[in-house]
$ cat query_33.cif   # mmCIF, C-alpha atoms
data_entry
loop_
_atom_site.label_atom_id
_atom_site.label_comp_id
_atom_site.auth_asym_id
_atom_site.auth_seq_id
_atom_site.Cartn_x
_atom_site.Cartn_y
_atom_site.Cartn_z
CA MET A 210 257.94 184.05 163.41
CA THR A 211 255.43 181.58 161.93
CA MET A 212 251.77 182.54 162.32
CA LEU A 213 249.72 179.68 163.72
CA TYR A 214 245.99 179.19 163.38
CA GLU A 215 243.70 177.10 165.57
CA GLN A 216 240.57 175.28 164.47
CA PHE A 217 237.88 176.41 166.92
CA LEU A 218 234.81 174.96 165.16
CA GLY A 219 234.16 171.33 164.33
CA SER A 220 233.60 167.86 165.73
CA ALA A 221 237.11 167.78 167.23
CA PRO A 222 238.44 171.36 167.43
CA GLY A 223 241.92 172.26 168.67
CA ILE A 224 244.19 171.38 165.75
CA ARG A 225 246.85 174.04 165.08
CA VAL A 226 248.19 174.70 161.60
CA GLU A 227 250.56 176.95 159.71
CA LEU A 228 249.14 178.68 156.62
CA VAL A 229 251.51 177.59 153.84
CA ASP A 230 249.81 179.07 150.76
CA ASP A 231 246.77 181.38 150.73
CA SER A 232 247.28 182.76 147.22
CA LYS A 233 244.18 180.94 145.94
CA SER A 234 241.44 178.65 147.20
CA PRO A 235 241.84 175.97 148.44
CA TYR A 236 244.49 177.04 150.92
CA ARG A 237 247.40 174.76 151.75
CA VAL A 238 248.00 174.33 155.49
CA ARG A 239 250.46 172.30 157.56
CA THR A 240 249.95 170.76 161.00
CA LEU A 241 252.61 171.06 163.70
CA ASP A 242 253.80 167.51 162.95
CA GLY A 243 254.32 168.32 159.25
CA PHE A 244 251.18 166.92 157.63
CA GLU A 245 249.91 169.13 154.78
CA PHE A 246 246.32 169.30 153.50
CA LEU A 247 244.01 171.57 151.51
CA ILE A 248 241.03 173.52 152.84
CA SER A 249 238.76 175.95 151.02
CA ALA A 250 239.31 179.63 151.75
CA GLU A 251 235.73 179.94 153.02
CA ASP A 252 236.07 177.01 155.44
CA PHE A 253 239.43 178.27 156.67
CA ARG A 254 237.95 181.68 157.50
CA ARG A 255 234.95 180.03 159.13
CA PHE A 256 236.63 177.30 161.18
CA TYR A 257 240.04 178.76 162.12
CA LYS A 258 241.27 181.73 164.11
CA GLU A 259 244.73 183.05 164.89
CA ALA A 260 246.15 181.01 167.76
CA GLY A 261 245.82 182.95 171.00
CA ASN A 262 243.01 185.16 169.72
CA ALA A 263 239.47 185.02 171.04
CA THR A 264 236.81 183.11 169.13
CA PRO A 265 234.86 185.51 166.86
CA ASP A 266 231.88 187.09 168.63
CA VAL A 267 229.42 185.69 166.12
CA TRP A 268 230.12 182.20 167.51
CA GLY A 269 229.79 183.28 171.16
CA PRO A 270 226.36 181.69 171.78
CA PHE A 271 227.60 178.35 170.37
CA ILE A 272 230.81 177.95 172.39
CA THR A 273 230.89 174.63 174.26
CA ASP A 274 234.20 175.17 176.08
CA ARG A 275 234.52 178.69 177.51
CA ASN A 276 238.16 178.25 178.56
CA LYS A 277 239.33 177.26 175.08
CA GLY A 278 236.70 179.06 173.02
CA TRP A 279 235.85 175.90 171.13
CA VAL A 280 232.58 175.19 169.35
CA GLU A 281 232.25 171.40 169.36
CA THR A 282 229.52 170.64 166.85
CA ASN A 283 228.65 167.19 168.25
CA LYS A 284 228.01 168.66 171.70
CA MET A 285 226.02 171.56 170.28
CA ALA A 286 223.92 169.12 168.25
CA LYS A 287 222.89 167.41 171.49
CA VAL A 288 221.94 170.76 173.02
CA MET A 289 219.86 171.70 169.99
CA GLU A 290 218.15 168.31 170.00
CA ALA A 291 217.23 168.75 173.67
CA LEU A 292 215.76 172.20 172.95
CA GLN A 293 213.69 171.28 169.90
CA PRO A 294 210.53 170.16 171.80
CA PHE A 295 210.51 173.43 173.78
CA GLU A 296 211.00 175.59 170.69
CA LYS A 297 207.96 173.84 169.20
CA LEU A 298 205.82 174.18 172.36
CA PHE A 299 206.64 177.88 172.81
CA GLN A 300 206.69 178.52 169.04
CA ASN A 301 209.80 180.61 169.68
CA PHE A 302 213.40 179.54 170.17
CA PRO A 303 214.61 182.23 172.64
CA ARG A 304 211.62 181.72 174.94
CA GLY A 305 211.93 177.94 174.87
CA ARG A 306 215.67 178.21 175.52
CA ALA A 307 215.19 180.54 178.50
CA PHE A 308 212.42 178.33 179.90
CA VAL A 309 214.68 175.25 179.80
CA ARG A 310 217.48 177.04 181.64
CA ASP A 311 215.14 178.21 184.41
CA ALA A 312 213.36 174.84 184.67
CA LEU A 313 216.66 172.95 185.03
CA ALA A 314 217.92 175.43 187.61
CA LEU A 315 214.72 175.02 189.65
CA ALA A 316 214.94 171.23 189.43
CA GLN A 317 218.57 171.27 190.59
CA SER A 318 217.59 173.40 193.57
CA GLY A 319 215.14 170.70 194.62
CA ALA A 320 211.94 172.41 193.48
CA ASP A 321 209.10 170.36 192.01
CA VAL A 322 208.61 171.90 188.57
CA ARG A 323 204.95 171.01 188.30
CA GLY A 324 201.56 172.47 189.13
CA ASP A 325 201.57 176.16 189.95
CA VAL A 326 205.37 176.37 189.68
CA LEU A 327 205.21 175.15 186.10
CA LYS A 328 202.31 177.45 185.20
CA SER A 329 204.12 180.44 186.68
CA LEU A 330 207.27 179.62 184.77
CA VAL A 331 205.36 179.29 181.49
CA GLU A 332 203.60 182.63 182.08
CA LYS A 333 207.00 184.27 182.55
CA TYR A 334 207.80 183.66 178.90
CA THR A 335 204.51 183.66 177.01
CA ARG A 336 200.86 184.62 177.18
CA ALA A 337 199.99 182.04 174.56
CA SER A 338 198.46 178.70 175.50
CA VAL A 339 201.04 175.94 176.00
CA ASP A 340 200.17 172.23 176.20
CA LEU A 341 201.20 171.54 179.81
CA GLU A 342 200.98 167.76 179.47
CA SER A 343 203.35 167.79 176.51
CA LEU A 344 205.58 170.21 178.40
CA LYS A 345 205.75 167.84 181.41
CA LYS A 346 206.75 164.96 179.12
CA ALA A 347 209.42 167.11 177.50
CA LEU A 348 210.77 168.07 180.94
CA ASP A 349 210.87 164.42 182.02
CA LYS A 350 212.83 163.54 178.88
CA LEU A 351 215.14 166.50 179.50
CA GLN A 352 216.23 164.91 182.78
CA GLU A 353 217.61 161.96 180.78
CA VAL A 354 220.22 163.98 178.85
CA ASP A 355 223.87 163.54 179.82
CA THR A 356 225.54 165.75 182.44
CA GLU A 357 227.65 167.66 179.92
CA THR A 358 224.58 168.63 177.88
CA LYS A 359 222.76 169.72 181.04
CA GLU A 360 225.70 171.91 182.01
CA LEU A 361 225.54 173.65 178.63
CA LEU A 362 221.77 174.09 178.96
CA LEU A 363 222.34 175.72 182.35
CA ASP A 364 225.14 177.94 181.01
CA GLU A 365 224.00 181.58 180.94
CA SER A 366 225.90 182.16 177.69
CA CYS A 367 225.14 179.00 175.69
CA LEU A 368 222.45 179.81 173.09
CA ASN A 369 221.17 182.46 175.46
CA PHE A 370 219.28 184.55 172.95
CA SER A 371 217.12 186.06 175.72
CA ILE A 372 220.16 188.05 176.87
CA ALA A 373 221.04 188.96 173.29
CA MET A 374 217.55 190.32 172.72
CA GLY A 375 217.35 192.13 176.02
CA HIS A 376 215.86 190.91 179.29
CA ILE A 377 212.61 189.02 178.69
CA GLU A 378 209.95 190.65 180.80
CA LYS A 379 206.41 189.60 181.51
CA PRO A 380 204.41 190.09 179.37
CA LEU A 381 207.22 189.89 176.78
CA MET A 382 207.93 193.62 176.43
CA ARG A 383 204.37 194.36 175.28
CA PRO A 384 204.23 197.54 177.42
CA VAL A 385 207.36 198.77 175.64
CA GLN A 386 205.81 198.14 172.24
CA GLU A 387 202.55 199.85 173.23
CA ALA A 388 204.39 202.87 174.65
CA GLU A 389 206.48 203.13 171.51
CA ALA A 390 203.35 203.09 169.34
CA ALA A 391 201.75 205.78 171.50
CA GLY A 392 204.87 207.93 171.39
CA THR A 393 205.28 207.85 175.18
CA LEU A 394 208.39 205.68 175.37
CA ARG A 395 211.01 207.28 177.59
CA PRO A 396 214.25 208.28 175.78
CA GLU A 397 216.44 206.12 178.04
CA THR A 398 214.25 203.08 177.35
CA GLN A 399 214.38 203.70 173.60
CA THR A 400 218.16 204.05 173.76
CA ALA A 401 218.52 200.79 175.67
CA ARG A 402 216.27 199.05 173.18
CA ASN A 403 218.18 200.40 170.20
CA ASN A 404 221.46 199.22 171.71
CA GLN A 405 220.33 195.61 172.14
CA PRO A 406 222.47 193.42 169.90
CA LYS A 407 220.73 191.20 167.38
CA LEU A 408 221.80 187.57 167.10
CA SER A 409 220.73 185.04 164.51
CA ARG A 410 218.71 181.94 164.98
CA ALA A 411 220.85 178.85 165.01
CA GLY A 412 222.08 177.87 161.55
CA MET A 413 221.71 181.37 160.11
CA LYS A 414 224.09 184.26 159.67
CA ASN A 415 223.07 187.65 161.08
CA VAL A 416 219.32 187.04 160.64
CA ASP A 417 216.90 187.66 163.50
CA MET A 418 213.24 186.72 162.96
CA LYS A 419 210.23 187.59 165.10
CA VAL A 420 206.61 186.62 164.45
CA GLU A 421 203.69 188.48 166.01
CA GLY A 422 200.35 187.29 164.71
CA ASP A 423 200.71 187.24 160.92
CA LEU A 424 203.55 189.76 160.84
CA LEU A 425 207.10 188.49 160.32
CA THR A 426 209.81 191.00 161.20
CA ILE A 427 213.37 190.34 160.02
CA THR A 428 216.29 192.30 161.46
CA ILE A 429 219.81 192.40 159.98
CA ASP A 430 222.91 194.32 161.06
CA LEU A 431 224.40 195.66 157.83
CA SER A 432 227.69 196.54 159.56
CA LYS A 433 228.61 192.84 159.81
CA ASP A 434 230.24 190.70 157.16
CA PHE A 435 231.18 187.03 156.95
CA GLY A 436 233.87 187.17 154.33
CA PRO A 437 233.75 186.41 150.60
CA SER A 438 231.06 184.26 149.00
CA LYS A 439 232.02 181.00 147.29
CA SER A 440 232.47 182.85 144.01
CA GLY A 441 234.70 185.42 145.71
CA LYS A 442 232.88 188.23 143.87
CA THR A 443 230.78 189.45 146.80
CA ILE A 444 230.95 189.69 150.60
CA ILE A 445 228.31 187.93 152.68
CA VAL A 446 226.43 190.20 155.10
CA ALA A 447 223.57 187.91 156.15
CA SER A 448 222.04 184.62 155.08
CA THR A 449 219.48 182.04 156.15
CA GLU A 450 221.90 179.49 154.66
CA GLY A 451 219.22 177.98 152.44
CA ASN A 452 215.45 177.87 152.91
CA LYS A 453 214.48 177.76 156.59
CA SER A 454 211.20 177.53 158.52
CA VAL A 455 209.56 180.69 159.82
CA PRO A 456 209.18 180.23 163.61
CA GLY A 457 205.81 178.72 164.48
CA LYS A 458 204.53 178.91 160.90
CA GLU A 459 204.23 176.62 157.90
CA HIS A 460 206.10 179.11 155.74
CA LYS A 461 209.67 178.86 154.48
CA ILE A 462 212.09 181.72 153.94
CA GLY A 463 215.23 182.10 151.88
CA LEU A 464 217.27 185.28 152.35
CA ASN A 465 220.70 186.55 151.33
CA VAL A 466 222.27 189.97 151.85
CA TYR A 467 225.63 190.79 150.27
CA LYS A 468 227.80 193.65 149.13
CA HIS A 469 230.47 194.15 146.49
CA PRO A 470 234.07 194.68 147.65
CA GLU A 471 234.55 197.68 145.39
CA ALA A 472 232.93 201.03 146.26
CA THR A 473 229.85 202.08 144.32
CA SER A 474 227.71 205.20 144.34
CA GLN A 475 224.50 203.38 143.44
CA ARG A 476 222.06 203.19 146.36
CA GLY A 477 218.62 201.72 146.84
CA LYS A 478 215.59 203.97 146.23
CA ARG A 479 212.73 201.58 147.01
CA LYS A 480 211.29 200.59 150.37
CA SER A 481 208.47 198.36 149.13
CA PHE A 482 208.54 195.15 147.10
CA LYS A 483 206.08 192.26 146.80
CA ASN A 484 204.75 192.15 150.40
CA VAL A 485 208.13 193.29 151.73
CA GLU A 486 208.33 196.60 153.58
CA MET A 487 211.90 197.73 154.17
CA ASP A 488 213.38 200.32 156.52
CA VAL A 489 216.93 201.18 157.57
CA ALA A 490 217.99 202.97 160.76
CA ASP A 491 221.74 203.50 161.14
CA SER A 492 223.07 200.10 160.01
CA ILE A 493 220.01 198.06 161.04
CA LEU A 494 217.84 196.77 158.21
CA THR A 495 214.26 195.81 159.14
CA MET A 496 211.87 194.02 156.80
CA VAL A 497 208.22 193.34 157.61
CA ILE A 498 206.12 190.70 155.83
CA ASP A 499 202.40 189.96 156.20
CA LEU A 500 202.20 186.16 156.20
CA SER A 501 198.45 186.23 155.57
CA LYS A 502 198.98 187.53 152.04
CA GLU A 503 199.48 185.30 148.99
CA PHE A 504 200.36 185.92 145.34
CA GLY A 505 199.40 182.64 143.74
CA PRO A 506 201.48 179.58 142.87
CA SER A 507 205.13 179.73 141.92
CA LYS A 508 206.34 178.67 138.46
CA SER A 509 206.84 175.11 139.72
CA GLY A 510 203.25 174.98 140.97
CA LYS A 511 204.41 173.31 144.20
CA THR A 512 204.43 176.40 146.42
CA VAL A 513 202.47 179.59 147.00
CA ILE A 514 204.36 182.88 146.87
CA VAL A 515 203.90 184.94 150.05
CA ALA A 516 206.58 187.61 149.64
CA SER A 517 209.53 188.34 147.38
CA THR A 518 212.02 191.03 146.44
CA GLU A 519 211.84 189.43 142.98
CA GLY A 520 215.56 189.14 142.58
CA ASN A 521 218.45 190.83 144.35
CA GLN A 522 217.54 194.43 145.10
CA LEU A 523 219.49 197.33 146.55
CA VAL A 524 218.72 198.00 150.21
CA TYR A 525 216.97 201.36 150.63
CA GLY A 526 219.60 204.13 150.90
CA ARG A 527 222.44 201.58 150.92
CA THR A 528 224.81 199.78 148.55
CA GLU A 529 224.09 196.28 149.91
CA ARG A 530 221.76 194.00 147.97
CA VAL A 531 219.07 191.71 149.40
CA GLY A 532 217.30 188.74 147.87
CA LEU A 533 214.30 187.38 149.78
CA ASN A 534 211.58 184.82 149.11
CA VAL A 535 208.86 183.59 151.47
CA TYR A 536 206.52 180.79 150.43
CA ARG A 537 204.46 177.91 151.71
CA LYS A 538 203.86 174.47 150.26
CA ILE A 539 200.56 173.97 148.51
CA ASP A 540 200.06 170.45 149.80
CA ALA A 541 198.11 170.68 153.06
CA GLY A 542 200.24 173.18 154.94
CA VAL A 543 203.25 170.99 155.59
CA ALA A 544 206.16 173.19 156.74
#

$ encode --input "query_33.cif" --output "structure tokens"
Amino acid sequence: MTMLYEQFLGSAPGIRVELVDDSKSPYRVRTLDGFEFLISAEDFRRFYKEAGNATPDVWGPFITDRNKGWVETNKMAKVMEALQPFEKLFQNFPRGRAFVRDALALAQSGADVRGDVLKSLVEKYTRASVDLESLKKALDKLQEVDTETKELLLDESCLNFSIAMGHIEKPLMRPVQEAEAAGTLRPETQTARNNQPKLSRAGMKNVDMKVEGDLLTITIDLSKDFGPSKSGKTIIVASTEGNKSVPGKEHKIGLNVYKHPEATSQRGKRKSFKNVEMDVADSILTMVIDLSKEFGPSKSGKTVIVASTEGNQLVYGRTERVGLNVYRKIDAGVA
């Protein structure tokens, strides 16, 4: 029986193909009506799944059609565009995303999302000062998006990183953090916190970033993998997919974590690098960076080095390797 694969990710997902030749990249595939074409091994693994199987969990927050499991990139682009003003106002994507869902739900119920209602909703997600006038304008513009985009914004699962990170409580889990620091956190609370899955920011693979003051905390699940790299020599574990902005900061970050397919006995022995403090608990890698520190200009002279592993280094106690660089532009703090 011929094995069929279905494209679940793209601008027009749904095409079904037979894998004709996967002996080398690019693969040769054939559509049901006999048309053959080539697709790179990496794109095939990323965009296609076995017909009848569920869409990979990593794409769960981006699914635009729950019945079919499709991720339609054009629709998701509209959702992301609608959320951008709120991510900027809240200086945090998950909080801005959750705020939009609640604000739309209130508006649909007939509530006037202004005045005290708006202030209360903002306070639910942040203690920081938010420009209410800009927020009102963003909410007015949000009402102009098409019905399909609104439905996705109201969907509990679509880009719902607040669920992925655990229920957002007022004031943003600060009591949990304080109790943990004081050593008074109850075991059941610690267990629940440890079991919260970590999802990436949009456009990244397996990278969760959190900024508190000048401290950037990066969390990566080392048990995940995203298949071979383009060279085929390593397996991708996590990546920012290029240099990306640090949430709410002018800094940029580039990060890659990978492992070799073959077993090796060599394991990391260092926890500290240039302004990078590393720790591993079970399969969760945590790296903390102080964004207030600087190490002078880079070789190009266009950026200031903030943190670096200075090449690809072994993860402490593990066989995976991590390469990380954080910098900011020298010219007037443009992100």

$ closest_residue --input "query_33.cif" --among "A:Lys502, A:Lys478, A:Arg310, A:Lys277" --to "A:His460" --atoms "only C-alpha atoms"
A:Lys502

$ closest_residue --input "query_33.cif" --among "A:Met212, A:Leu218, A:Val524, A:Val513" --to "A:Thr282" --atoms "all atoms listed in the file"
A:Leu218

$ resolve_selection --input "query_33.cif" --expression "the PyMOL selection byres ((chain A and resi 331) around 12)" --output "PyMOL selection string"
chain A and resi 295+298-299+304-309+311-312+322-330+332-341+344-345+379-381

$ write_last_selection --input "query_33.cif" --atoms "C-alpha atoms" --output "mmCIF file, in the coordinates of the input"
data_model
loop_
_atom_site.group_PDB
_atom_site.id
_atom_site.type_symbol
_atom_site.label_atom_id
_atom_site.label_comp_id
_atom_site.auth_asym_id
_atom_site.auth_seq_id
_atom_site.Cartn_x
_atom_site.Cartn_y
_atom_site.Cartn_z
ATOM 1 C CA PHE A 295 210.510 173.430 173.780
ATOM 2 C CA LEU A 298 205.820 174.180 172.360
ATOM 3 C CA PHE A 299 206.640 177.880 172.810
ATOM 4 C CA ARG A 304 211.620 181.720 174.940
ATOM 5 C CA GLY A 305 211.930 177.940 174.870
ATOM 6 C CA ARG A 306 215.670 178.210 175.520
ATOM 7 C CA ALA A 307 215.190 180.540 178.500
ATOM 8 C CA PHE A 308 212.420 178.330 179.900
ATOM 9 C CA VAL A 309 214.680 175.250 179.800
ATOM 10 C CA ASP A 311 215.140 178.210 184.410
ATOM 11 C CA ALA A 312 213.360 174.840 184.670
ATOM 12 C CA VAL A 322 208.610 171.900 188.570
ATOM 13 C CA ARG A 323 204.950 171.010 188.300
ATOM 14 C CA GLY A 324 201.560 172.470 189.130
ATOM 15 C CA ASP A 325 201.570 176.160 189.950
ATOM 16 C CA VAL A 326 205.370 176.370 189.680
ATOM 17 C CA LEU A 327 205.210 175.150 186.100
ATOM 18 C CA LYS A 328 202.310 177.450 185.200
ATOM 19 C CA SER A 329 204.120 180.440 186.680
ATOM 20 C CA LEU A 330 207.270 179.620 184.770
ATOM 21 C CA GLU A 332 203.600 182.630 182.080
ATOM 22 C CA LYS A 333 207.000 184.270 182.550
ATOM 23 C CA TYR A 334 207.800 183.660 178.900
ATOM 24 C CA THR A 335 204.510 183.660 177.010
ATOM 25 C CA ARG A 336 200.860 184.620 177.180
ATOM 26 C CA ALA A 337 199.990 182.040 174.560
ATOM 27 C CA SER A 338 198.460 178.700 175.500
ATOM 28 C CA VAL A 339 201.040 175.940 176.000
ATOM 29 C CA ASP A 340 200.170 172.230 176.200
ATOM 30 C CA LEU A 341 201.200 171.540 179.810
ATOM 31 C CA LEU A 344 205.580 170.210 178.400
ATOM 32 C CA LYS A 345 205.750 167.840 181.410
ATOM 33 C CA LYS A 379 206.410 189.600 181.510
ATOM 34 C CA PRO A 380 204.410 190.090 179.370
ATOM 35 C CA LEU A 381 207.220 189.890 176.780
#

$ resolve_selection --input "query_33.cif" --expression "the PyMOL selection byres ((chain A and resi 515) around 10)" --output "list in words"
His460, Lys461, Ile462, Lys483, Asn484, Val485, Ile498, Asp499, Leu500, Ser501, Lys502, Glu503, Phe504, Gly505, Pro506, Ser507, Thr512, Val513, Ile514, Ala516, Ser517, Asn534, Val535, Tyr536 and Arg537 of chain A

$ closest_residue --input "query_33.cif" --among "A:Cys367, A:Val466, A:Met413, A:Leu213" --to "A:Ser438" --atoms "all atoms listed in the file"
A:Val466

$ closest_residue --input "query_33.cif" --among "A:Glu215, A:Ala286, A:Arg239, A:Asn301" --to "A:Thr264" --atoms "all atoms listed in the file"
A:Glu215

$ resolve_selection --input "query_33.cif" --expression "the PyMOL selection byres ((chain A and resi 281) around 8)" --output "ChimeraX atom specification"
/A:217-222,272-274,279-280,282-285

$ closest_residue --input "query_33.cif" --among "A:Lys419, A:Arg255, A:Lys359, A:Lys442" --to "A:Tyr467" --atoms "all atoms listed in the file"
A:Lys442

$ atom_distance --input "query_33.cif" --atom1 "atom CA of A:Val238" --atom2 "atom CA of A:Ala447"
28.0 Å

$ atom_distance --input "query_33.cif" --atom1 "atom CA of A:Glu296" --atom2 "atom CA of A:Leu348"
12.7 Å

$ build_atoms --input "query_33.cif" --residues "stretch 411-442 of chain A" --atoms "N, CA and C atoms" --output "compact mmCIF listing (two decimals), in the frame of the given file"
# COMPACT_ATOMS: atom_id res chain seq x y z
N ALA A 411 219.83 179.84 165.29
CA ALA A 411 220.85 178.85 165.01
C ALA A 411 220.81 178.43 163.55
N GLY A 412 221.99 178.29 162.93
CA GLY A 412 222.08 177.87 161.55
C GLY A 412 221.95 178.99 160.56
N MET A 413 221.79 180.23 161.01
CA MET A 413 221.71 181.37 160.11
C MET A 413 222.84 182.34 160.41
N LYS A 414 223.07 183.24 159.48
CA LYS A 414 224.09 184.26 159.67
C LYS A 414 223.41 185.62 159.76
N ASN A 415 223.47 186.25 160.94
CA ASN A 415 223.07 187.65 161.08
C ASN A 415 221.61 187.88 160.68
N VAL A 416 220.75 186.92 160.96
CA VAL A 416 219.32 187.04 160.64
C VAL A 416 218.52 186.80 161.91
N ASP A 417 217.77 187.81 162.35
CA ASP A 417 216.90 187.66 163.50
C ASP A 417 215.45 187.75 163.03
N MET A 418 214.64 186.75 163.38
CA MET A 418 213.24 186.72 162.96
C MET A 418 212.31 186.75 164.17
N LYS A 419 211.24 187.51 164.04
CA LYS A 419 210.23 187.59 165.10
C LYS A 419 208.86 187.56 164.45
N VAL A 420 207.96 186.73 164.99
CA VAL A 420 206.61 186.62 164.45
C VAL A 420 205.62 187.07 165.51
N GLU A 421 204.77 188.03 165.15
CA GLU A 421 203.69 188.48 166.01
C GLU A 421 202.41 188.43 165.18
N GLY A 422 201.54 187.48 165.52
CA GLY A 422 200.35 187.29 164.71
C GLY A 422 200.76 186.83 163.32
N ASP A 423 200.34 187.57 162.30
CA ASP A 423 200.71 187.24 160.92
C ASP A 423 201.87 188.08 160.41
N LEU A 424 202.46 188.90 161.28
CA LEU A 424 203.55 189.76 160.84
C LEU A 424 204.91 189.15 161.18
N LEU A 425 205.72 188.96 160.16
CA LEU A 425 207.10 188.49 160.32
C LEU A 425 208.02 189.69 160.20
N THR A 426 208.84 189.91 161.23
CA THR A 426 209.81 191.00 161.20
C THR A 426 211.22 190.41 161.16
N ILE A 427 212.00 190.82 160.19
CA ILE A 427 213.37 190.34 160.02
C ILE A 427 214.32 191.50 160.29
N THR A 428 215.32 191.26 161.12
CA THR A 428 216.29 192.30 161.46
C THR A 428 217.69 191.84 161.10
N ILE A 429 218.45 192.72 160.43
CA ILE A 429 219.81 192.40 159.98
C ILE A 429 220.72 193.58 160.27
N ASP A 430 221.91 193.29 160.80
CA ASP A 430 222.91 194.32 161.06
C ASP A 430 223.81 194.43 159.84
N LEU A 431 223.66 195.50 159.08
CA LEU A 431 224.40 195.66 157.83
C LEU A 431 225.88 195.98 158.04
N SER A 432 226.28 196.25 159.28
CA SER A 432 227.69 196.54 159.56
C SER A 432 228.52 195.26 159.63
N LYS A 433 227.88 194.11 159.69
CA LYS A 433 228.61 192.84 159.81
C LYS A 433 228.94 192.29 158.43
N ASP A 434 229.99 191.46 158.38
CA ASP A 434 230.24 190.70 157.16
C ASP A 434 230.89 189.38 157.54
N PHE A 435 230.71 188.38 156.68
CA PHE A 435 231.18 187.03 156.95
C PHE A 435 232.14 186.56 155.87
N GLY A 436 232.85 187.52 155.30
CA GLY A 436 233.87 187.17 154.33
C GLY A 436 233.30 186.93 152.94
N PRO A 437 234.16 186.58 152.00
CA PRO A 437 233.75 186.41 150.60
C PRO A 437 232.77 185.25 150.41
N SER A 438 231.92 185.36 149.40
CA SER A 438 231.06 184.26 149.00
C SER A 438 231.91 183.20 148.31
N LYS A 439 231.27 182.08 147.95
CA LYS A 439 232.02 181.00 147.29
C LYS A 439 232.63 181.47 145.98
N SER A 440 231.93 182.35 145.29
CA SER A 440 232.47 182.85 144.01
C SER A 440 233.61 183.84 144.21
N GLY A 441 233.68 184.42 145.42
CA GLY A 441 234.70 185.42 145.71
C GLY A 441 234.39 186.80 145.16
N LYS A 442 233.23 186.95 144.50
CA LYS A 442 232.88 188.23 143.87
C LYS A 442 232.15 189.17 144.82
